[in-house]
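First comes the structure, then the notes that go with it.
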4 protein chains.
Amino acid sequence: MGAGNTFGKLFKVSTFGESHGKAIGGVIDGCPAGITIDFDALQKELDRRKPGQSSITTQRKESDTVEFLSGIFKGQTTGTPIGFNIPNADQNSKDYDHLKDIYRPSHADFSYDKKYGTRDHRGGGRSSARETACRVVAGALAKQILERRNISINAFVSRVGDEVVPLHYNELDFSLTDSNLVRCPHQPTAVRFQKLIEKVRDEGDTVGGVVTGVIRGLPAGLGEPVFDKFHARLGAAMLGINAVKGFDYGSGFDAPAMYGSDHNDVFQKNEAGELAAKTNHSGGVQGGITTGADVFFRVAFKPVATLMKNQQSADKKGDDVTIEGKGRHDPCVVHRAVPIVEAMAAISTLDMLLMSKTNKL
Amino acid sequence: MGAGNTFGKLFKVSTFGESHGKAIGGVIDGCPAGITIDFDALQKELDRRKPGQSSITTQRKESDTVEFLSGIFKGQTTGTPIGFNIPNADQNSKDYDHLKDIYRPSHADFSYDKKYGTRDHRGGGRSSARETACRVVAGALAKQILERRNISINAFVSRVGDEVVPLHYNELDFSLTDSNLVRCPHQPTAVRFQKLIEKVRDEGDTVGGVVTGVIRGLPAGLGEPVFDKFHARLGAAMLGINAVKGFDYGSGFDAPAMYGSDHNDVFQKNEAGELAAKTNHSGGVQGGITTGADVFFRVAFKPVATLMKNQQSADKKGDDVTIEGKGRHDPCVVHRAVPIVEAMAAISTLDMLLMSKTNKL
Amino acid sequence: MGAGNTFGKLFKVSTFGESHGKAIGGVIDGCPAGITIDFDALQKELDRRKPGQSSITTQRKESDTVEFLSGIFKGQTTGTPIGFNIPNADQNSKDYDHLKDIYRPSHADFSYDKKYGTRDHRGGGRSSARETACRVVAGALAKQILERRNISINAFVSRVGDEVVPLHYNELDFSLTDSNLVRCPHQPTAVRFQKLIEKVRDEGDTVGGVVTGVIRGLPAGLGEPVFDKFHARLGAAMLGINAVKGFDYGSGFDAPAMYGSDHNDVFQKNEAGELAAKTNHSGGVQGGITTGADVFFRVAFKPVATLMKNQQSADKKGDDVTIEGKGRHDPCVVHRAVPIVEAMAAISTLDMLLMSKTNKL
Amino acid sequence: MGAGNTFGKLFKVSTFGESHGKAIGGVIDGCPAGITIDFDALQKELDRRKPGQSSITTQRKESDTVEFLSGIFKGQTTGTPIGFNIPNADQNSKDYDHLKDIYRPSHADFSYDKKYGTRDHRGGGRSSARETACRVVAGALAKQILERRNISINAFVSRVGDEVVPLHYNELDFSLTDSNLVRCPHQPTAVRFQKLIEKVRDEGDTVGGVVTGVIRGLPAGLGEPVFDKFHARLGAAMLGINAVKGFDYGSGFDAPAMYGSDHNDVFQKNEAGELAAKTNHSGGVQGGITTGADVFFRVAFKPVATLMKNQQSADKKGDDVTIEGKGRHDPCVVHRAVPIVEAMAAISTLDMLLMSKTNKL
């Protein structure tokens, strides 16, 4: 267990690192042996998350280049732990000296101090979203393993502020997700998302959003019946991502308004002669166990807490302070969160896939 | 780990049991020594969950009397594991013989068969919500321990179908929650909830709902920064409850529509001269760690899958079948879920409270 | 984790219960589905451990009948947790009232009090070897599963006091182990063991001994390379048994005196044309991973701490007391430990067998 | 869990790295906040383990300099995970090309191939004792934390081949342990050890030995009663070290020959008026829980498997091969194992110390 810096049971990633320390990194333990890694595809996932990639992300300069240190021999996994580092190019921690005694609104400054009696105040320290790059490394690897078994994981931005994608995910073409800066496969909505984010950025403000995820090609039988339901593990994975305020799957928060006779997914033979449900309010999970239908889910993100305009707050002594809006920050985080959501979904799914190999002898 | 029948790390409950086996039960490990147990209060929590308690719950007859077998000596916990059983009075499994080859819509029949190649089909077997009685045992114990440290956990029904409680939780008096059958502390809404549930019941249908939970009196510093954020553990606890489709906390699914300048919780000295945030969109958690403010959250429940009217579905061979609506079932499950939500919140909270004792030496 | 009352990762048993409480019992989680249980064979293992079985065991009366409560349907495991109870027939706790403030020599009275500030003093409470009956339940089940895969686990008494079995385990016929009261397959030594135990018993004293275990038929590839080496997990399993003072495997404590040129196990083709080592100083494990050769190990037991003659000690206040030798106790525990050693070896082995299914995809 | 590359529950270390990869390293999670690290003392522990330190160790050149990447701010732990790397200076993997299809006697070549279907054959890959440097990093940190609480951990070489230290550990002065190359605090024996090792080295052979460990100043109450007994966790820690064949504590493998009346540790008031046992056959642990007396234990090491003289073995195809004795190897490993034994004892002890903080509220 340790202090919660590890995710996964059989396929397990432990991360370390602060925003402005020497490096971030981690250890992936339990990766099956004999997997050929596509390093380019893996780095591409990191590039999707990295800062400075466009006009609507923070301008911090980080190449986010991952260096693998172990567990891979001649391009293949060996079954032993995969250690990796991502150096922090930007360690200009002086930028943060003025914040060391200040509790920024809706940041982790106050709660860290209460918990540990000390904290690395530079750029949010451990609470910085920079840590999520390590999850993307592990997740991109998991995604590759799943893809070769025809399990695909796709996430996209489905909402920014008041703007929403008006279509069901089945009507979208996920190959278009990365065709725009906001990672929305519905082009007209993407335009509105971008406009809204630019407006918010120009006002020095930030805005929230929703990332939707879809897992296709899952075999039936993943997930455990009671506490480790497929969606409970997936939900824990999502709720562990910075700035996430909610998770639902299938009918989700629409389910409370529904009647059983409408909500129930009736089984029948499909065209291929296989038994499957006609509808999928269940979101691909029944009794905590996958049915083979798509698992789809939503992840709600709050607006970024760091603003580019001045804010009131207090310092350690309780005195009022004004925090100046400066530095390099994201007006909206959801498009950068897309690869993180995919990564955590991949880790969670691969973990349960491995677990399912032990259900029968 | 096993197969996911255990929740908690330091305060840990493992459950066992099927709907129509001899008994359900569990083991609570890691309960601190020297706790005097209020057995009446504990049984009362079980009574809140048990079937047959009113006209709007299933009429199955179960006294749900818990028998403790170990770990308690002269009314006090000894620090050793607490084993307990709850006998299944009603084992009339013949009632279910007609269902043994049928996949009921939105039940776990199909997914269990796919996972295990076999299943105990009687009353849902392990997937029955009957298992949650064991969580209530552990949770009621945790709740007592927390209450003596002035941490209170209250849940209530905030939505049934289209009907919602129109007030903020801070305007409600939780001592009224159990004053009506639907466990809603807002009496006018409770009347509407009950009417709606009765209407649905009379139609042989079911309806979903939302349970809201509030944890007060938490010290700052609980929860771990990365994967084991306070709300990630709490969310996993909730998503592991039967019929749950979503979880959010604080601003939750409203956060995506908000701007940072509105969402941020600004710190200032309160009347008592203590530093605290003026608002609480954060839901009492920042950076995954409690701030000392209330933690509040919502849990979305789908409508019960078992209807009292006929439904179409298929059997193992894929042939169409009609499932007759008979037996004893709940038209709505949310009021019975209230003690379960409280129980899982209590287990999760106590676990993280124990964990926090190891942050500093 | 909880407080260490759980063993195993994938095949996992959690136990509860005190010597003189209502019952002992446990939960087996992660047992694969579809296993037909031989209940008679399982009870027979419990009978091998139970008290009162012969003139050289304690005369406490316990039938040690296990009652299964869940996880089994029509004689087969379902993949869901297997809950079980073993009632304590003998709850005559009055016998122990004189001991409640006394710290018996080499018992857990003192250390429990220091740890928990309280203890169930009746018959040793949780520290009683009675708890091991629960391990035998889980272990006997694991043993059955392993046997059907041609993995056999045999333990026997190889030493009592100064008397030792003079032969290598390969020269013994394990079908004779249970042909005598002392569970030693070498009949002449068994006679000497019994004589020594009777002499010690008649003197009101106790004596230690060694149990040797042999696992045959293991596939190569079980165990993990670093901390979870096959023998590290096995050793932890053995060291968790009451009264155990040491564990070694293969050349064990003879290895320190050896030279590498003698100790090394040289690979060559065997008669069947398969590659295997000529010798087995390694004890079937190299680099923490099984080679397919026999795993053999020794477990050292101290003499039972409860004597039938008077002893000095002190009470809580530090005053000297004389403890009278009375009650019903074992003059030697090793023959009753044989099924416990087999049980823990079986749990540990099955757990690693399941784990090995996740090494490759 | 992952694949067993993590040790500890609350204070937890995960390691990665192969003998001839880019680097080895790890993540320490759960280290309490606010600990000032003595980096020099820590590096000194690494130096005690590193290769090339004397004429009786391998001549491989490694400075074993640890680089900390996170979790430490201004010289103090922050409570967040401590990531660290130790670069592999010597990556001359060509030296091992001739071994890639050969199964060396008593190495992990064969078992790794069977487990994973592939392996990094360079210098033993993951099975190399090089990995233990990472344990020393975590262990040295744990040792510092314990020392400030007056808990000391000392190990020393008590046997090499047939030569043994003739005194009880209480008669030795541990400040002398590092005064000779063989890390034996009894100077006359140290001379005999060194002579024996040099003789063995000159013959191209290797020899085994025993490391004895002593933990002093432990509070009573550490360890958990059933599976996680103090000595069971400690034993697992030791059995996870490369080349270890056995572990015992207290009376250990001498206990089987003893009578209860001799073995029992009788409680009485000591000179300070505190209750304590007169003798310590228990080895400081009763019922799995520390009593406050010294914990002492022995760890048996086999002779190093790599010889400097020619040996027979087989290759993958089963053909006989002769392995030439060349390269840089240790004639005896026990003096280098001393800091590793101390490190693992420290990790295990600190972990249980943290755990004990949750026994009572």
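In the structure tokens, the first chain shown is A, the next is B, and so on; residue numbers restart at 1 for each chain, and ligands run from 1 in the order shown.
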
Near chain B, which residues of chain C fall within 8 Å when you count only C-alpha atoms, and what do they look like as a PyMOL selection string? chain C and resi 1-3+5+8-12+14-18+21-27+29-30+33-34+69-71+73+78-83+116-120+126

If you run DSSP on this backbone, which residues of region 132-200 of chain B come out as strand (DSSP E or B), and could you give them as a PDB file with C-alpha atoms, in the first residue's frame?
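Dumped everything to result35.pdb:
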ATOM      1  CA  SER B 152     -20.522  12.327  11.653  1.00  0.00           C
ATOM      2  CA  ILE B 153     -21.700  10.632   8.481  1.00  0.00           C
ATOM      3  CA  ASN B 154     -25.177  11.272   7.165  1.00  0.00           C
ATOM      4  CA  ALA B 155     -26.808  10.155   3.961  1.00  0.00           C
ATOM      5  CA  PHE B 156     -30.301  10.808   2.672  1.00  0.00           C
ATOM      6  CA  VAL B 157     -32.394  10.356  -0.450  1.00  0.00           C
ATOM      7  CA  SER B 158     -32.128  13.526  -2.503  1.00  0.00           C
ATOM      8  CA  ARG B 159     -33.827  12.340  -5.674  1.00  0.00           C
ATOM      9  CA  VAL B 160     -36.323   9.722  -6.852  1.00  0.00           C
ATOM     10  CA  GLU B 163     -38.476  14.468  -7.905  1.00  0.00           C
ATOM     11  CA  VAL B 164     -35.609  16.245  -6.161  1.00  0.00           C
TER      12      VAL B 164
END

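Using only C-alpha atoms, the shortest contact distance between Asn280 (chain C) and any of C:Gly318, C:Pro256, C:Gly292, C:Pro225 is found at C:Gly292.
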
Using only C-alpha atoms, which protein or nucleic acid residues come within 10 Å of Gly75 (chain B)? Drop anything in the same chain fewer than 4 positions from it, and give the result as a list in words.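 Non-adjacent residues within range: Gly34, Ile35, Thr36, Ile37, Asp38, Phe39 and Gly71 of chain B.
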
If we count only C-alpha atoms and set the cut-off at 8 Å, which residues sit around region 173-181 of chain A, ignoring sequence neighbours fewer than 5 positions away in its own chain? Please answer as a ChimeraX atom specification. /A:54,56,154,156,186-187,190,194,335

Find the residues around Ile241 (chain A) up to 10 Å (only C-alpha atoms counted), leave out those fewer than 3 positions away in its own chain, and share them as an MDAnalysis selection string. (chainID A and resid 129 131:132 135 236:238 244:245 299 301 337 340:341 344) or (chainID B and resid 226:227 229 232 287:288)

Just the residues within 10 Å of region 325-332 of chain D, please, counting only C-alpha atoms, with nothing from its chain fewer than 5 positions along; format it as a VMD selection string. (chain C and resid 259 to 260) or (chain D and resid 51 to 52 55 to 61 95 to 96 123 160 to 161 182 194 196 to 209 301 to 311 337)

Pick the closest to Gly284 (chain A) from B:His168, B:Arg49, B:His107, B:Lys100: which is it, counting only C-alpha atoms? B:His107

What does the distance from CA of Ser128 (chain B) to CA of Gly235 (chain B) come to in Å, to one decimal?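 Distance between the two atoms: 20.7 Å.
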